[in-house]
Amino acid sequence: MQQHTFQLQNGLRVPALIFGTYKTAEEQNEDVLLTAIEAGYRAFDTASFYGTESYLGSAIRKSGLAREEVFITSKLWKTEMGYEGAMAAARRSLEALQTDYLDLYLIHWPLPDPDYADWKALDLETWQALEELYDQGVVKAIGVSNFHPHHIENLLAHGRIAPMVDQMEYHPGHAQEAAVAYCQARNILVQAWSPLGKRRVLGDPLVCALAEKYGVSPAQICLKFALQRGIVPLPKASSLERMRQNRDLFSFELEEEDLYRLTCMPPVGWSGEHPDRPRVRLT
Ligand code: A2P
């Protein structure tokens, strides 16, 4: 599995599948992460907002893996934006993770709330801190999360270093084609959060029919849908069996027409989140 990677514009190789730690079985995070390591995961996505950094740090330490065998992504939260805020956030993340570098560091959201008028200046100040952390080698790659093309344009126009990654919500029925096409045309690697669409996608009739057609699970259909579009899925799971199943993605290939069907199905798994809008509460 670990031989499957995507290459960033700076040459760094990113694992093609990354274990997501958001709400990782609350209460027993460290055990879940040790199980993920047992299942073979060597790349992890965390964020200061998730509260899972310290669990991840201690799970890695307990596993006995060397730091360079693991790929760690973290993100700074909406309240940690700005130059000083970002510098301090990075220090806190490094401490919580018990490490002296991050493989990838992201700005979690482009603006603290939808009414924040001066987001362009705030993003640039924050980005300047990430550029410096990158120059210092404290972070091996830098990027953004939940940025739409107009947010990225600001960084490309005024920043020194282009974002290398954009992590966004992505699953069948919510394929964010405009944002994905924009990133891929600029060699910005897309990563998919909620690749299983809050489980709602797993029960969708099309996804279930394709699972049957290819002889795999609905979750594997969703994860392969991302991979075949050149996107790194970030699945989370709590049992060893599901963790293993979610890594077993290389013995089948979805046909192009099925990828189109999955792209165009209704957005049954949408979280209700959008960077420029108040959150829509869905039942
Ligand atoms: P669990 O922790 O109970 O395993 P997301 O919206 O982030 O894609 O998450 C969907 C949820 O799907 C996860 O929280 C996880 O819950 C569950 N899940 C993960 N892998 C599988 C799988 N292979 N089959 C069914 N459910 C899964």
# chains A, B, ... in the order shown; residues from 1 in each chain; ligands from 1
>>> residues_around(residues="Thr263 (chain A)", least_positions_apart="5", cutoff="8 Å", atoms="only C-alpha atoms", output="list of chain:residue names")
A:Pro172, A:Gly173, A:His174, A:Ala175
>>> residues_near_ligand(ligand="ligand 1", cutoff="8 Å", atoms="only C-alpha atoms and all ligand atoms", output="ChimeraX atom specification")
/A:20,22-25,171,193-200,202,217-220,234-239,241-243,245-246,269
>>> residues_around(residues="Pro278 (chain A)", least_positions_apart="6", cutoff="9 Å", atoms="only C-alpha atoms", output="count of residues only")
3
>>> residues_around(residues="Trp127 (chain A)", least_positions_apart="4", cutoff="8 Å", atoms="only C-alpha atoms", output="JSON, numbers by chain")
{"A": [83, 107, 123, 131, 155, 159]}
>>> closest_residue(among="A:Tyr260, A:Gln176, A:Ser54, A:Leu206", to="Ile231 (chain A)", atoms="only C-alpha atoms")
A:Gln176
>>> closest_residue(among="A:Lys213, A:Arg91, A:His151, A:Arg261", to="Phe225 (chain A)", atoms="only C-alpha atoms")
A:Arg261
>>> select_by_dssp(residues="region 23-269 of chain A", states="alpha helix (DSSP H)", output="MDAnalysis selection string")
chainID A and resid 29:38 53:63 83:97 119:135 149:158 177:185 205:214 218:228 240:247 256:264
>>> residues_around(residues="Glu153 (chain A)", least_positions_apart="6", cutoff="10 Å", atoms="only C-alpha atoms", output="PDB file with all heavy atoms, in the first residue's frame")
ATOM      1  N   LYS A 120      -9.045  38.284   2.770  1.00  0.00           N
ATOM      2  CA  LYS A 120      -7.883  38.206   1.867  1.00  0.00           C
ATOM      3  C   LYS A 120      -6.597  38.557   2.605  1.00  0.00           C
ATOM      4  O   LYS A 120      -5.583  37.866   2.481  1.00  0.00           O
ATOM      5  CB  LYS A 120      -8.079  39.139   0.663  1.00  0.00           C
ATOM      6  CG  LYS A 120      -9.077  38.608  -0.343  1.00  0.00           C
ATOM      7  CD  LYS A 120      -9.058  39.409  -1.636  1.00  0.00           C
ATOM      8  CE  LYS A 120     -10.033  38.805  -2.620  1.00  0.00           C
ATOM      9  NZ  LYS A 120     -10.120  39.553  -3.864  1.00  0.00           N
ATOM     10  N   PHE A 147     -10.637  25.588   0.661  1.00  0.00           N
ATOM     11  CA  PHE A 147     -10.489  26.788  -0.154  1.00  0.00           C
ATOM     12  C   PHE A 147     -11.152  26.556  -1.504  1.00  0.00           C
ATOM     13  O   PHE A 147     -10.962  25.505  -2.127  1.00  0.00           O
ATOM     14  CB  PHE A 147      -9.008  27.139  -0.376  1.00  0.00           C
ATOM     15  CG  PHE A 147      -8.377  27.946   0.736  1.00  0.00           C
ATOM     16  CD1 PHE A 147      -8.521  27.585   2.058  1.00  0.00           C
ATOM     17  CD2 PHE A 147      -7.611  29.087   0.444  1.00  0.00           C
ATOM     18  CE1 PHE A 147      -7.929  28.325   3.087  1.00  0.00           C
ATOM     19  CE2 PHE A 147      -7.024  29.837   1.452  1.00  0.00           C
ATOM     20  CZ  PHE A 147      -7.174  29.460   2.773  1.00  0.00           C
ATOM     21  N   GLY A 159       1.110  35.542  -2.781  1.00  0.00           N
ATOM     22  CA  GLY A 159       2.023  34.735  -1.968  1.00  0.00           C
ATOM     23  C   GLY A 159       3.314  34.458  -2.721  1.00  0.00           C
ATOM     24  O   GLY A 159       3.423  34.720  -3.920  1.00  0.00           O
ATOM     25  N   ALA A 162       3.209  28.690  -3.935  1.00  0.00           N
ATOM     26  CA  ALA A 162       1.837  28.250  -4.254  1.00  0.00           C
ATOM     27  C   ALA A 162       1.410  27.129  -3.304  1.00  0.00           C
ATOM     28  O   ALA A 162       2.246  26.299  -2.924  1.00  0.00           O
ATOM     29  CB  ALA A 162       1.775  27.752  -5.693  1.00  0.00           C
TER      30      ALA A 162
END
>>> residues_around(residues="Gln128 (chain A)", least_positions_apart="6", cutoff="12 Å", atoms="only C-alpha atoms", output="short mmCIF file (atom, residue, chain, number, x, y, z; two decimals) with all heavy atoms, in the first residue's frame")
data_model
loop_
_atom_site.label_atom_id
_atom_site.label_comp_id
_atom_site.auth_asym_id
_atom_site.auth_seq_id
_atom_site.Cartn_x
_atom_site.Cartn_y
_atom_site.Cartn_z
N MET A 81 -5.63 32.04 13.04
CA MET A 81 -5.15 32.67 11.80
C MET A 81 -4.38 33.96 12.09
O MET A 81 -4.37 34.45 13.20
CB MET A 81 -6.33 32.90 10.86
CG MET A 81 -6.94 31.58 10.40
SD MET A 81 -8.43 31.75 9.39
CE MET A 81 -7.70 32.13 7.80
N GLY A 82 -3.73 34.49 11.04
CA GLY A 82 -2.84 35.64 11.21
C GLY A 82 -1.42 35.13 11.38
O GLY A 82 -1.21 33.94 11.66
N TYR A 83 -0.45 36.02 11.21
CA TYR A 83 0.96 35.58 11.25
C TYR A 83 1.35 35.00 12.62
O TYR A 83 1.80 33.86 12.72
CB TYR A 83 1.88 36.75 10.86
CG TYR A 83 3.33 36.36 10.90
CD1 TYR A 83 3.94 35.74 9.82
CD2 TYR A 83 4.10 36.60 12.05
CE1 TYR A 83 5.27 35.34 9.86
CE2 TYR A 83 5.43 36.21 12.10
CZ TYR A 83 6.01 35.59 11.01
OH TYR A 83 7.31 35.20 11.07
N GLU A 84 1.15 35.80 13.66
CA GLU A 84 1.54 35.34 15.00
C GLU A 84 0.72 34.12 15.42
O GLU A 84 1.23 33.18 16.01
CB GLU A 84 1.36 36.45 16.04
CG GLU A 84 2.28 37.65 15.86
CD GLU A 84 3.76 37.30 15.94
OE1 GLU A 84 4.11 36.26 16.54
OE2 GLU A 84 4.57 38.06 15.37
N GLY A 85 -0.56 34.18 15.12
CA GLY A 85 -1.46 33.08 15.47
C GLY A 85 -1.01 31.77 14.83
O GLY A 85 -0.98 30.71 15.48
N ALA A 86 -0.62 31.84 13.58
CA ALA A 86 -0.21 30.63 12.86
C ALA A 86 1.12 30.09 13.40
O ALA A 86 1.28 28.87 13.55
CB ALA A 86 -0.10 30.93 11.37
N MET A 87 2.04 31.00 13.69
CA MET A 87 3.33 30.56 14.25
C MET A 87 3.12 29.85 15.59
O MET A 87 3.70 28.79 15.85
CB MET A 87 4.27 31.76 14.42
CG MET A 87 4.85 32.27 13.12
SD MET A 87 5.89 30.98 12.36
CE MET A 87 6.68 31.87 11.05
N ILE A 107 -3.96 25.48 6.24
CA ILE A 107 -4.92 26.42 6.81
C ILE A 107 -6.28 25.74 6.72
O ILE A 107 -6.70 25.35 5.62
CB ILE A 107 -4.95 27.76 6.03
CG1 ILE A 107 -3.56 28.39 5.97
CG2 ILE A 107 -5.97 28.70 6.65
CD1 ILE A 107 -3.52 29.70 5.13
N ALA A 121 -6.63 39.64 3.39
CA ALA A 121 -5.44 40.04 4.14
C ALA A 121 -5.11 38.99 5.22
O ALA A 121 -3.94 38.64 5.42
CB ALA A 121 -5.67 41.41 4.79
N LEU A 122 -6.14 38.48 5.87
CA LEU A 122 -5.91 37.48 6.93
C LEU A 122 -5.29 36.21 6.34
O LEU A 122 -4.34 35.64 6.92
CB LEU A 122 -7.24 37.16 7.62
CG LEU A 122 -7.15 36.24 8.83
CD1 LEU A 122 -6.34 36.88 9.96
CD2 LEU A 122 -8.55 35.86 9.33
N TYR A 134 7.87 26.63 6.17
CA TYR A 134 8.35 25.77 5.08
C TYR A 134 9.82 26.06 4.78
O TYR A 134 10.64 25.13 4.67
CB TYR A 134 7.49 25.99 3.83
CG TYR A 134 7.92 25.19 2.63
CD1 TYR A 134 7.73 23.82 2.59
CD2 TYR A 134 8.53 25.81 1.54
CE1 TYR A 134 8.13 23.07 1.49
CE2 TYR A 134 8.92 25.07 0.43
CZ TYR A 134 8.72 23.70 0.41
OH TYR A 134 9.12 22.96 -0.68
N ASP A 135 10.18 27.33 4.71
CA ASP A 135 11.59 27.70 4.46
C ASP A 135 12.50 27.13 5.55
O ASP A 135 13.62 26.72 5.29
CB ASP A 135 11.75 29.23 4.46
CG ASP A 135 11.14 29.87 3.22
OD1 ASP A 135 10.92 29.16 2.23
OD2 ASP A 135 10.89 31.09 3.26
N ILE A 142 3.17 22.71 2.36
CA ILE A 142 2.12 23.60 2.90
C ILE A 142 0.94 23.65 1.93
O ILE A 142 1.10 23.49 0.72
CB ILE A 142 2.65 25.04 3.17
CG1 ILE A 142 3.37 25.62 1.94
CG2 ILE A 142 3.56 25.03 4.39
CD1 ILE A 142 3.85 27.07 2.14
N GLY A 143 -0.23 23.87 2.51
CA GLY A 143 -1.42 23.92 1.68
C GLY A 143 -2.60 24.48 2.43
O GLY A 143 -2.45 25.11 3.48
N LEU A 155 -3.94 33.78 -2.85
CA LEU A 155 -2.61 33.31 -2.44
C LEU A 155 -1.67 33.22 -3.64
O LEU A 155 -0.48 33.55 -3.54
CB LEU A 155 -2.71 31.93 -1.78
CG LEU A 155 -3.56 31.82 -0.51
CD1 LEU A 155 -3.42 30.42 0.09
CD2 LEU A 155 -3.14 32.86 0.53
N HIS A 158 -0.55 36.88 -4.55
CA HIS A 158 0.25 37.68 -3.62
C HIS A 158 1.22 36.87 -2.76
O HIS A 158 2.04 37.45 -2.06
CB HIS A 158 -0.68 38.48 -2.71
CG HIS A 158 -1.65 39.33 -3.47
ND1 HIS A 158 -1.26 40.43 -4.20
CD2 HIS A 158 -2.99 39.21 -3.66
CE1 HIS A 158 -2.33 40.96 -4.79
NE2 HIS A 158 -3.39 40.23 -4.48
N GLY A 159 1.11 35.54 -2.78
CA GLY A 159 2.02 34.73 -1.97
C GLY A 159 3.31 34.46 -2.72
O GLY A 159 3.42 34.72 -3.92
N ARG A 160 4.29 33.94 -2.01
CA ARG A 160 5.58 33.60 -2.61
C ARG A 160 5.58 32.15 -3.10
O ARG A 160 6.18 31.81 -4.10
CB ARG A 160 6.63 33.75 -1.50
CG ARG A 160 7.98 34.18 -1.92
CD ARG A 160 8.82 34.70 -0.74
NE ARG A 160 8.61 34.15 0.57
CZ ARG A 160 9.15 33.02 1.04
NH1 ARG A 160 9.91 32.28 0.28
NH2 ARG A 160 8.90 32.61 2.28
N ILE A 161 4.90 31.29 -2.32
CA ILE A 161 4.87 29.85 -2.63
C ILE A 161 3.41 29.46 -2.90
O ILE A 161 2.51 29.88 -2.17
CB ILE A 161 5.43 29.04 -1.43
CG1 ILE A 161 6.84 29.51 -1.07
CG2 ILE A 161 5.40 27.54 -1.73
CD1 ILE A 161 7.42 28.88 0.19
N ALA A 162 3.21 28.69 -3.93
CA ALA A 162 1.84 28.25 -4.25
C ALA A 162 1.41 27.13 -3.30
O ALA A 162 2.25 26.30 -2.92
CB ALA A 162 1.77 27.75 -5.69
N PRO A 163 0.13 27.10 -2.92
CA PRO A 163 -0.34 25.96 -2.10
C PRO A 163 -0.10 24.65 -2.84
O PRO A 163 -0.27 24.56 -4.05
CB PRO A 163 -1.84 26.22 -1.94
CG PRO A 163 -2.06 27.64 -2.32
CD PRO A 163 -0.95 28.03 -3.25
#
>>> atom_distance(atom1="CA of Leu34 (chain A)", atom2="CA of Ser63 (chain A)")
6.8 Å
>>> select_by_dssp(residues="region 11-256 of chain A", states="strand (DSSP E or B)", output="PyMOL selection string")
chain A and resi 13-15+19-20+43-45+71-76+102+104-107+139+142-145+165-169+171+174+189-193+232-233
>>> closest_residue(among="A:Thr99, A:Asn187, A:Asn29, A:Thr126", to="Lys75 (chain A)", atoms="only C-alpha atoms")
A:Thr126
>>> atom_distance(atom1="CA of Leu17 (chain A)", atom2="CA of Val232 (chain A)")
5.6 Å
>>> atom_distance(atom1="CA of His150 (chain A)", atom2="CA of Glu273 (chain A)")
17.0 Å
>>> residues_around(residues="Pro149 (chain A)", least_positions_apart="3", cutoff="8 Å", atoms="only C-alpha atoms", output="ChimeraX atom specification")
/A:152-153,179,182-183
>>> write_last_selection(atoms="N, CA and C atoms", output="PDB file, in the first residue's frame")
ATOM      1  N   ILE A 152      -8.004  30.677  -3.392  1.00  0.00           N
ATOM      2  CA  ILE A 152      -6.642  30.288  -3.809  1.00  0.00           C
ATOM      3  C   ILE A 152      -6.019  31.366  -4.700  1.00  0.00           C
ATOM      4  N   GLU A 153      -6.847  31.973  -5.548  1.00  0.00           N
ATOM      5  CA  GLU A 153      -6.337  33.033  -6.442  1.00  0.00           C
ATOM      6  C   GLU A 153      -5.597  34.097  -5.646  1.00  0.00           C
ATOM      7  N   ALA A 179     -13.865  23.120  -8.272  1.00  0.00           N
ATOM      8  CA  ALA A 179     -12.707  23.314  -7.389  1.00  0.00           C
ATOM      9  C   ALA A 179     -11.617  22.278  -7.695  1.00  0.00           C
ATOM     10  N   TYR A 182      -9.884  23.175 -10.984  1.00  0.00           N
ATOM     11  CA  TYR A 182      -9.015  24.335 -10.771  1.00  0.00           C
ATOM     12  C   TYR A 182      -7.695  23.885 -10.128  1.00  0.00           C
ATOM     13  N   CYS A 183      -7.790  23.092  -9.086  1.00  0.00           N
ATOM     14  CA  CYS A 183      -6.577  22.643  -8.382  1.00  0.00           C
ATOM     15  C   CYS A 183      -5.722  21.756  -9.284  1.00  0.00           C
TER      16      CYS A 183
END
>>> closest_residue(among="A:Val201, A:Val190, A:Ala211, A:Ala185", to="Met168 (chain A)", atoms="only C-alpha atoms")
A:Val190
